[in-house]
$ cat data-v7.txt   # compact mmCIF, C-alpha atoms and all ligand atoms
# COMPACT_ATOMS: atom_id res chain seq x y z
CA MET A 1 8.89 -9.69 -5.52
CA LYS A 2 11.17 -7.36 -7.44
CA PHE A 3 13.56 -8.79 -10.05
CA PHE A 4 17.06 -7.39 -10.41
CA VAL A 5 19.60 -8.69 -12.91
CA ASP A 6 23.05 -9.51 -11.58
CA THR A 7 25.33 -8.52 -14.45
CA ALA A 8 27.47 -5.69 -15.82
CA ASP A 9 26.78 -6.70 -19.42
CA ILE A 10 24.95 -3.71 -20.89
CA ALA A 11 23.59 -5.68 -23.86
CA GLU A 12 21.96 -8.19 -21.50
CA ILE A 13 20.60 -5.35 -19.35
CA ARG A 14 19.05 -3.60 -22.38
CA ASP A 15 17.53 -6.85 -23.59
CA LEU A 16 15.98 -7.70 -20.22
CA ALA A 17 14.84 -4.13 -19.55
CA ALA A 18 12.84 -4.33 -22.79
CA THR A 19 10.71 -7.11 -21.26
CA GLY A 20 9.32 -4.63 -18.73
CA LEU A 21 10.06 -7.16 -15.98
CA LEU A 22 13.30 -5.68 -14.68
CA ASP A 23 13.20 -3.63 -11.46
CA GLY A 24 16.91 -3.02 -10.93
CA VAL A 25 20.50 -4.16 -11.47
CA THR A 26 23.29 -5.39 -9.23
CA THR A 27 26.95 -5.37 -10.19
CA ASN A 28 30.06 -6.38 -8.29
CA PRO A 29 33.80 -5.98 -8.95
CA SER A 30 34.05 -9.44 -10.54
CA LEU A 31 31.22 -8.67 -12.97
CA VAL A 32 32.76 -5.27 -13.80
CA ALA A 33 36.15 -6.90 -14.46
CA LYS A 34 34.42 -9.34 -16.83
CA ALA A 35 32.70 -6.46 -18.67
CA GLY A 36 36.13 -4.82 -19.20
CA ARG A 37 34.75 -1.25 -19.24
CA ASN A 38 35.30 2.00 -17.36
CA PHE A 39 33.28 1.48 -14.16
CA VAL A 40 31.80 4.95 -13.74
CA GLU A 41 30.80 5.22 -17.42
CA LEU A 42 29.26 1.76 -17.24
CA VAL A 43 27.22 2.58 -14.12
CA ALA A 44 26.00 5.82 -15.72
CA GLU A 45 24.91 3.91 -18.83
CA ILE A 46 23.09 1.25 -16.78
CA CYS A 47 21.32 3.98 -14.79
CA ASP A 48 20.05 5.48 -18.08
CA VAL A 49 18.59 2.15 -19.14
CA VAL A 50 17.03 1.08 -15.84
CA SER A 51 15.21 3.54 -13.58
CA GLY A 52 15.23 1.24 -10.52
CA PRO A 53 18.15 0.79 -8.10
CA VAL A 54 21.55 0.04 -9.68
CA SER A 55 24.10 -1.32 -7.23
CA ALA A 56 27.67 -0.07 -7.67
CA GLU A 57 30.22 -1.50 -5.26
CA VAL A 58 33.02 0.34 -3.50
CA ALA A 59 36.53 -1.05 -3.99
CA SER A 60 38.22 0.12 -0.77
CA THR A 61 38.01 -1.89 2.41
CA GLU A 62 39.08 0.90 4.81
CA PHE A 63 36.46 3.30 6.16
CA GLU A 64 37.68 6.70 4.93
CA PRO A 65 38.41 5.81 1.31
CA MET A 66 35.28 3.66 1.25
CA LEU A 67 33.13 6.61 2.30
CA LYS A 68 34.76 8.83 -0.33
CA GLU A 69 34.14 6.22 -3.03
CA GLY A 70 30.55 5.73 -1.88
CA ARG A 71 29.84 9.47 -1.96
CA TYR A 72 31.34 9.68 -5.45
CA LEU A 73 29.39 6.69 -6.79
CA ALA A 74 26.20 8.27 -5.40
CA THR A 75 26.75 11.32 -7.63
CA ILE A 76 26.59 9.24 -10.82
CA ALA A 77 22.77 9.04 -10.82
CA PRO A 78 19.94 9.28 -8.28
CA ASN A 79 19.17 5.56 -8.68
CA VAL A 80 22.64 4.36 -7.67
CA ALA A 81 22.62 2.09 -4.62
CA VAL A 82 26.13 2.13 -3.15
CA LYS A 83 27.20 -1.42 -2.36
CA VAL A 84 29.41 -1.93 0.69
CA PRO A 85 30.73 -5.13 2.27
CA LEU A 86 29.33 -6.43 5.54
CA THR A 87 32.30 -5.35 7.65
CA PRO A 88 32.61 -2.78 10.46
CA ALA A 89 33.93 -0.23 7.92
CA GLY A 90 31.13 -1.09 5.51
CA LEU A 91 28.41 -0.65 8.11
CA LYS A 92 29.90 2.60 9.37
CA THR A 93 29.90 3.85 5.77
CA CYS A 94 26.35 2.55 5.34
CA ARG A 95 25.03 4.55 8.28
CA ILE A 96 26.59 7.79 7.05
CA LEU A 97 25.45 7.36 3.42
CA ALA A 98 21.95 6.36 4.56
CA ASN A 99 21.75 9.49 6.73
CA GLU A 100 22.74 11.50 3.63
CA GLY A 101 19.83 9.99 1.71
CA THR A 102 21.82 7.49 -0.37
CA MET A 103 20.52 3.95 -0.92
CA VAL A 104 23.02 1.39 0.38
CA ASN A 105 23.16 -2.31 -0.47
CA VAL A 106 25.11 -4.25 2.18
CA THR A 107 26.63 -7.23 0.42
CA LEU A 108 28.37 -10.49 1.35
CA CYS A 109 25.83 -11.34 4.07
CA PHE A 110 26.11 -14.94 5.25
CA SER A 111 24.33 -14.94 8.65
CA ALA A 112 21.18 -13.68 10.34
CA ALA A 113 23.31 -11.76 12.85
CA GLN A 114 24.95 -9.87 9.98
CA ALA A 115 21.51 -9.10 8.49
CA ILE A 116 20.38 -7.56 11.80
CA LEU A 117 23.46 -5.32 11.76
CA ALA A 118 22.73 -4.21 8.19
CA ALA A 119 19.17 -3.22 9.14
CA LYS A 120 20.41 -1.32 12.18
CA ALA A 121 22.90 0.51 9.95
CA GLY A 122 20.04 1.79 7.77
CA ALA A 123 20.73 -0.29 4.66
CA ALA A 124 18.16 -0.04 1.88
CA PHE A 125 19.06 -3.64 0.93
CA VAL A 126 20.87 -6.55 2.52
CA SER A 127 22.26 -9.18 0.14
CA PRO A 128 22.42 -12.71 1.59
CA PHE A 129 24.29 -15.02 -0.81
CA VAL A 130 22.23 -18.21 -1.17
CA GLY A 131 24.28 -20.06 -3.80
CA ARG A 132 27.63 -19.56 -2.10
CA LEU A 133 26.21 -21.04 1.13
CA ASP A 134 24.83 -24.02 -0.80
CA ASP A 135 28.27 -24.39 -2.42
CA ILE A 136 29.87 -25.05 0.99
CA GLY A 137 27.16 -27.52 2.05
CA GLN A 138 25.03 -25.08 4.04
CA ASN A 139 21.39 -24.20 3.36
CA GLY A 140 21.21 -20.81 1.68
CA LEU A 141 17.41 -20.68 1.63
CA ALA A 142 17.27 -21.36 5.38
CA LEU A 143 19.18 -18.09 5.86
CA ILE A 144 16.57 -16.21 3.77
CA GLU A 145 13.82 -17.66 5.93
CA GLU A 146 15.61 -16.61 9.14
CA ILE A 147 16.17 -13.05 7.89
CA CYS A 148 12.58 -12.64 6.66
CA THR A 149 11.27 -13.87 10.03
CA ILE A 150 13.48 -11.50 12.00
CA TYR A 151 12.77 -8.45 9.84
CA ALA A 152 9.00 -9.13 10.04
CA ALA A 153 9.25 -9.00 13.85
CA TYR A 154 10.68 -5.46 13.67
CA PRO A 155 8.44 -3.37 11.40
CA HIS A 156 10.69 -0.32 11.87
CA PHE A 157 13.41 -2.15 9.91
CA THR A 158 13.03 -0.79 6.39
CA THR A 159 15.85 -2.87 4.88
CA GLU A 160 14.74 -5.05 1.97
CA VAL A 161 15.95 -8.65 1.69
CA LEU A 162 17.77 -8.88 -1.66
CA VAL A 163 18.37 -12.56 -2.35
CA ALA A 164 21.75 -12.83 -4.08
CA SER A 165 23.98 -15.52 -5.54
CA VAL A 166 20.87 -17.08 -7.05
CA ARG A 167 21.60 -20.18 -9.10
CA ASN A 168 18.19 -21.48 -10.22
CA PRO A 169 14.42 -20.78 -10.34
CA THR A 170 13.85 -22.79 -7.15
CA HIS A 171 15.92 -20.23 -5.23
CA VAL A 172 13.62 -17.51 -6.59
CA VAL A 173 10.31 -19.27 -5.94
CA GLU A 174 11.22 -20.44 -2.43
CA SER A 175 12.48 -16.94 -1.52
CA ALA A 176 9.25 -15.43 -2.84
CA LYS A 177 7.26 -17.83 -0.64
CA MET A 178 9.20 -16.50 2.35
CA GLY A 179 8.36 -12.91 1.41
CA ALA A 180 11.85 -11.79 0.33
CA HIS A 181 11.52 -8.40 -1.34
CA VAL A 182 13.99 -8.80 -4.23
CA ALA A 183 15.90 -11.52 -6.07
CA THR A 184 18.94 -10.62 -8.14
CA MET A 185 19.64 -13.20 -10.79
CA PRO A 186 22.08 -13.83 -13.62
CA PRO A 187 20.36 -13.31 -17.02
CA SER A 188 20.30 -17.08 -17.58
CA VAL A 189 18.19 -17.65 -14.45
CA ILE A 190 15.73 -14.89 -15.41
CA ARG A 191 15.29 -16.60 -18.79
CA GLN A 192 14.81 -20.00 -17.11
CA LEU A 193 11.82 -18.57 -15.21
CA PHE A 194 9.84 -18.42 -18.48
CA ASN A 195 10.30 -22.09 -19.32
CA HIS A 196 7.91 -24.99 -18.95
CA PRO A 197 7.76 -27.96 -21.39
CA LEU A 198 3.95 -27.96 -21.31
CA THR A 199 3.94 -24.30 -22.41
CA ASP A 200 6.05 -25.24 -25.47
CA LYS A 201 3.97 -28.32 -26.21
CA GLY A 202 0.65 -26.49 -25.78
CA LEU A 203 1.77 -23.61 -27.98
CA SER A 204 2.88 -25.94 -30.80
CA GLN A 205 -0.54 -27.59 -30.72
CA PHE A 206 -2.38 -24.24 -30.78
CA VAL A 207 -0.25 -23.00 -33.69
CA ALA A 208 -0.91 -26.20 -35.67
CA ASP A 209 -4.67 -26.13 -34.99
CA TRP A 210 -4.94 -22.43 -35.80
CA ALA A 211 -3.28 -23.07 -39.20
CA LYS A 212 -6.14 -25.49 -39.99
CA THR A 213 -8.68 -22.65 -39.68
CA GLY A 214 -7.00 -20.80 -42.57
CA GLN A 215 -7.80 -17.53 -40.81
CA ASN A 216 -5.71 -14.44 -40.08
CA ILE A 217 -6.88 -12.34 -37.13
CA LEU A 218 -5.71 -9.06 -38.63
CA ASP A 219 -7.61 -9.71 -41.88
CA GLN A 220 -10.79 -9.64 -39.77
CA LYS A 221 -10.42 -5.99 -38.71
C1 LIG B 1 25.02 -9.87 -5.60
O1 LIG B 1 24.83 -8.68 -5.58
C2 LIG B 1 26.22 -10.51 -6.13
O2 LIG B 1 26.69 -9.72 -7.19
C3 LIG B 1 25.96 -11.88 -6.72
O3 LIG B 1 24.63 -12.30 -6.54
C4 LIG B 1 27.01 -12.88 -6.43
O4 LIG B 1 26.65 -14.10 -7.04
P1 LIG B 1 27.68 -15.28 -7.29
O5 LIG B 1 27.80 -16.07 -6.04
O6 LIG B 1 27.01 -16.09 -8.37
O7 LIG B 1 28.96 -14.66 -7.73
$ encode --input "data-v7.txt" --output "C-alpha cells"
Amino acid sequence: MKFFVDTADIAEIRDLAATGLLDGVTTNPSLVAKAGRNFVELVAEICDVVSGPVSAEVASTEFEPMLKEGRYLATIAPNVAVKVPLTPAGLKTCRILANEGTMVNVTLCFSAAQAILAAKAGAAFVSPFVGRLDDIGQNGLALIEEICTIYAAYPHFTTEVLVASVRNPTHVVESAKMGAHVATMPPSVIRQLFNHPLTDKGLSQFVADWAKTGQNILDQK
C-alpha cells in the first residue's frame, strides 16, 4: 500500500519525506487556504520534495475553465496529478487530461457507482472519502470494500483506489486488508501508525539493560 500525506504544509511534507516512507501528497482547496501560500508556487515546491504523485485540485466547477486549469496545473511538474471533482464536468475533464497523458485524481467519491464512472473516465486515482461517510453514520470502509471488489472484477480498470478522509490507523489497516492501493492521511495519522505501548516499554527495558553492560558498540570497531 502506498502512503500519501494529505496536507499543504511544506514543513510537514519535508519532515515526512525524510522518513523515506512517503509515496505522494494530496492537497485540496481547504488545505491550501490553511497554508496561506501562492498555490502554484506551493505545488511546485512540493513536487521538488516528493517525486511521487502530488494532487493539485482545480477550482472551477464548469467544464471549460476546469480543463484550462487542469492543463495549467499539469505544466507545473511531471508528477502533478490534477484533482477534479466527481461531477459530469470533472469526469469529462478527466477523460481529456488522461488521454493527454496527465494523471488525474477524481475526488469527492461517495459511492461505488461514482467509482465505476471514475475508472471509465481513465482516472489514475479515485478518492473515496471514508471519514466523511462515517461522520454521517454510514460505513466508509464498506465503500472501500465495494470499490476494491468491483475494480478486481475488471482488470482493464487501471484506476487506483486512494482511500481519503482517513481519520485513524484502523482506516489504513482495514483498507490495506481489502487491497486498496493508496491511503492519504493527515500527518498525525501517519505518526500514529508508528505507535504501540509495548514498543515503548520494550525499548525502555532494552536501553536500561544495555546501560548495565557498560559497553559502547562504536568503541568496539
Ligand atoms: C483527499 O484527497 C482529501 O484531501 C482529504 O482526504 C479530505 O479529508 P477530510 O475529510 O479530513 O477533509
$ residues_near_ligand --input "data-v7.txt" --ligand "ligand LIG 1 (chain B)" --cutoff "7 Å" --atoms "only C-alpha atoms and all ligand atoms" --output "list in words"
Asp6, Thr26, Thr27, Asn28, Thr107, Ser127, Phe129, Gly131, Arg132, Ala164, Ser165, Val166, Arg167, Thr184 and Met185 of chain A
$ write_last_selection --input "data-v7.txt" --atoms "C-alpha atoms" --output "PDB file, in the frame of the given file"
ATOM      1  CA  ASP A   6      23.050  -9.510 -11.580  1.00  0.00           C
ATOM      2  CA  THR A  26      23.290  -5.390  -9.230  1.00  0.00           C
ATOM      3  CA  THR A  27      26.950  -5.370 -10.190  1.00  0.00           C
ATOM      4  CA  ASN A  28      30.060  -6.380  -8.290  1.00  0.00           C
ATOM      5  CA  THR A 107      26.630  -7.230   0.420  1.00  0.00           C
ATOM      6  CA  SER A 127      22.260  -9.180   0.140  1.00  0.00           C
ATOM      7  CA  PHE A 129      24.290 -15.020  -0.810  1.00  0.00           C
ATOM      8  CA  GLY A 131      24.280 -20.060  -3.800  1.00  0.00           C
ATOM      9  CA  ARG A 132      27.630 -19.560  -2.100  1.00  0.00           C
ATOM     10  CA  ALA A 164      21.750 -12.830  -4.080  1.00  0.00           C
ATOM     11  CA  SER A 165      23.980 -15.520  -5.540  1.00  0.00           C
ATOM     12  CA  VAL A 166      20.870 -17.080  -7.050  1.00  0.00           C
ATOM     13  CA  ARG A 167      21.600 -20.180  -9.100  1.00  0.00           C
ATOM     14  CA  THR A 184      18.940 -10.620  -8.140  1.00  0.00           C
ATOM     15  CA  MET A 185      19.640 -13.200 -10.790  1.00  0.00           C
TER      16      MET A 185
END
$ atom_distance --input "data-v7.txt" --atom1 "atom CA of A:Phe110" --atom2 "atom CA of A:Cys148"
13.8 Å
$ residues_near_point --input "data-v7.txt" --point "(24.2, 1.8, -6.7)" --cutoff "8 Å" --atoms "all atoms listed in the file" --output "JSON, numbers by chain"
{"A": [26, 53, 54, 55, 56, 57, 73, 74, 79, 80, 81, 82, 83, 103, 104, 105]}
$ closest_residue --input "data-v7.txt" --among "A:Leu67, A:Ile76, A:Ala183, A:Leu117" --to "A:Glu100" --atoms "only C-alpha atoms"
A:Leu67
$ closest_residue --input "data-v7.txt" --among "A:Ile116, A:Ala121, A:Val173, A:Ala11" --to "A:Leu97" --atoms "only C-alpha atoms"
A:Ala121
$ residues_around --input "data-v7.txt" --residues "stretch 33-39 of chain A" --least-positions-apart "4" --cutoff "7 Å" --atoms "all atoms listed in the file" --output "PyMOL selection string"
chain A and resi 8-9+29+43
$ atom_distance --input "data-v7.txt" --atom1 "atom CA of A:Ala77" --atom2 "atom CA of A:Val58"
15.3 Å
$ closest_residue --input "data-v7.txt" --among "A:Val49, A:His181, A:Ser30, A:Asp219" --to "A:Asp15" --atoms "only C-alpha atoms"
A:Val49
$ closest_residue --input "data-v7.txt" --among "A:Val163, A:Ala115, A:Ile10, A:Leu133" --to "A:Glu41" --atoms "all atoms listed in the file"
A:Ile10
$ residues_near_point --input "data-v7.txt" --point "(14.0, -17.1, 1.0)" --cutoff "12 Å" --atoms "only C-alpha atoms" --output "number ranges by chain"
A: 1, 127-131, 139-149, 161-164, 166, 169-183
$ closest_residue --input "data-v7.txt" --among "A:Pro186, A:Gly90, A:Gly122, A:Gly137" --to "A:Phe3" --atoms "only C-alpha atoms"
A:Pro186
$ residues_around --input "data-v7.txt" --residues "A:Asp23" --least-positions-apart "3" --cutoff "7 Å" --atoms "all atoms listed in the file" --output "compact mmCIF listing (two decimals) with C-alpha atoms, in the frame of the given file"
# COMPACT_ATOMS: atom_id res chain seq x y z
CA LYS A 2 11.17 -7.36 -7.44
CA PHE A 3 13.56 -8.79 -10.05
CA PHE A 4 17.06 -7.39 -10.41
CA GLY A 52 15.23 1.24 -10.52
$ closest_residue --input "data-v7.txt" --among "A:Arg191, A:Val126, A:Cys47, A:Gly70" --to "A:Leu21" --atoms "all atoms listed in the file"
A:Arg191
$ atom_distance --input "data-v7.txt" --atom1 "atom CA of A:Val5" --atom2 "atom CA of A:Val50"
10.5 Å
$ residues_around --input "data-v7.txt" --residues "A:Ala123" --least-positions-apart "6" --cutoff "9 Å" --atoms "only C-alpha atoms" --output "ChimeraX atom specification"
/A:91,94-95,98,103-106,158-160
$ axis_aligned_box --input "data-v7.txt" --around "stretch 106-113 of chain A" --padding-each-side "5 Å" --output "lines of an AutoDock Vina configuration file"
center_x = 24.8
center_y = -9.6
center_z = 6.6
size_x = 17.2
size_y = 20.7
size_z = 22.4
